[in-house]
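Colleague: Before anything else, here's the structure in question.
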Amino acid sequence: MRLVLVGPPGAGKGTQAAFLCERLGIPQISTGDMLRAAKAAGELAQEHVDLMAVGGLLPDEVVLALVAKRVEEPDCAPGFLLDGFPRTTPQAAGLDTVLAQHDLALNAVAALDIPEDLLIERAVLRRIDKRTGRIYHLKYNPPPAGAELEHRPDDREDVVRDRIATYRTMTADLLPFYAARGLLRRVDGVGSVEEVRGRVFAALGITD
Ligand code: AP5
C-alpha cells in the first residue's frame, strides 16, 4: 500500500500514521520528522530552520528531494505512508513523477477534517517523548511517568495559528487534485483516537 495522510497541523496524522504503519508493516515517512532530524543534525539551512519556526512551508523542491530519496530505500518496497507530504499541488505532481519512474502509483489519500479550535488545543498540549518518538497529549493521552517530554517550538499557540493559516492557503488545492483522481477519502477527525482510528481504517478498506 502506498498511502498519503493529509490534514491540518495537529489533526492527528502522526497518531493515525503509527496505527496504519504497524498494521500494514510499512514505514511512515513524515517530512516534518525528517526536517526536524536534519535540523538537529545541523544539516538544515538556517533560512529553512527560520521558516519552520514561523510555520511557513519549505520550498517544494527541498521536501520533494528528501521524499524522492527516501522512497527508494529498501524498506519502502512493500509500500509506505506519507505523513505531511505532499502539501502543495507541485509536490503532489512531483510525487507522481517520482513514483511513475518506478512504475508505481498511490493507492489512496486519507484527509482528516477537524475544526480549528480543536486543532489548536491538540497541538498546543502535544508532547513528544524524545526517546521513543511517541506522541502524547497532556489532556487526551497523558504521557507515562518517566517520559522525556519535548514541546515542539512550533506548537506555541501563535505559531499554530500561522501554521493553520498556511495550511488553508497552501494546501487548499491538494484535496481537489486527489479527488479528481478518485484517490481522496475524507475522514471525520473529531472524536477519540480510537474512534478516528476506526474511521481511517474503514475509509481505506483496512481490517483490524
Ligand atoms: P509537520 O511535522 O508535518 O507538522 P504538521 O503537519 O503541522 O502536523 P503536526 O505534526 O503538527 O500534527 P499531526 O497531524 O501529526 O498531529 P498529531 O498526531 O501529532 O510539519 C512541521 C513543519 O515542517 C511545517 O510547518 C513546515 O514548516 C515543514 N514541512 C513539513 N512537511 C512539509 C512539506 N511537505 N512541505 C513544506 N514544508 C513542510 O496529534 C496532535 C496532538 O493531538 C497530539 O498531542 C495527539 O496526542 C493528539 N491527538 C491526536 N488525535 C487525537 C484525538 N482523536 N483526540 C484527542 N487528541 C488527539
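Residue numbering restarts at 1 for every chain of the C-alpha cells, chains are lettered A, B, ... in their displayed order, and ligands are numbered from 1 as they appear.
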Within 7 Å of ligand 1, counting only C-alpha atoms and all ligand atoms: which residues, as a PyMOL selection string?

Modeller: chain A and resi 7-16+30-33+35+51-52+55-60+63+83-87+122-123+125-127+135-137+140-141+163+189-194+196

Colleague: Kindly give the distance, in Å, that separates atom CA of A:Ala37 and atom CA of A:Pro115, rounded to a single decimal.

Modeller: 29.3 Å

Colleague: Select, from A:Leu138, A:Ile206, A:Val6, A:Ala105, the residue with the minimum atom-to-atom distance to A:Leu20, counting only C-alpha atoms.

Modeller: A:Ile206

Colleague: Can you list, as a PyMOL selection string, every residue of stretch 17-178 of chain A that DSSP puts in alpha helix (DSSP H)?

Modeller: chain A and resi 17-24+31-40+46-53+60-70+89-101+116-124+157-170+174-178
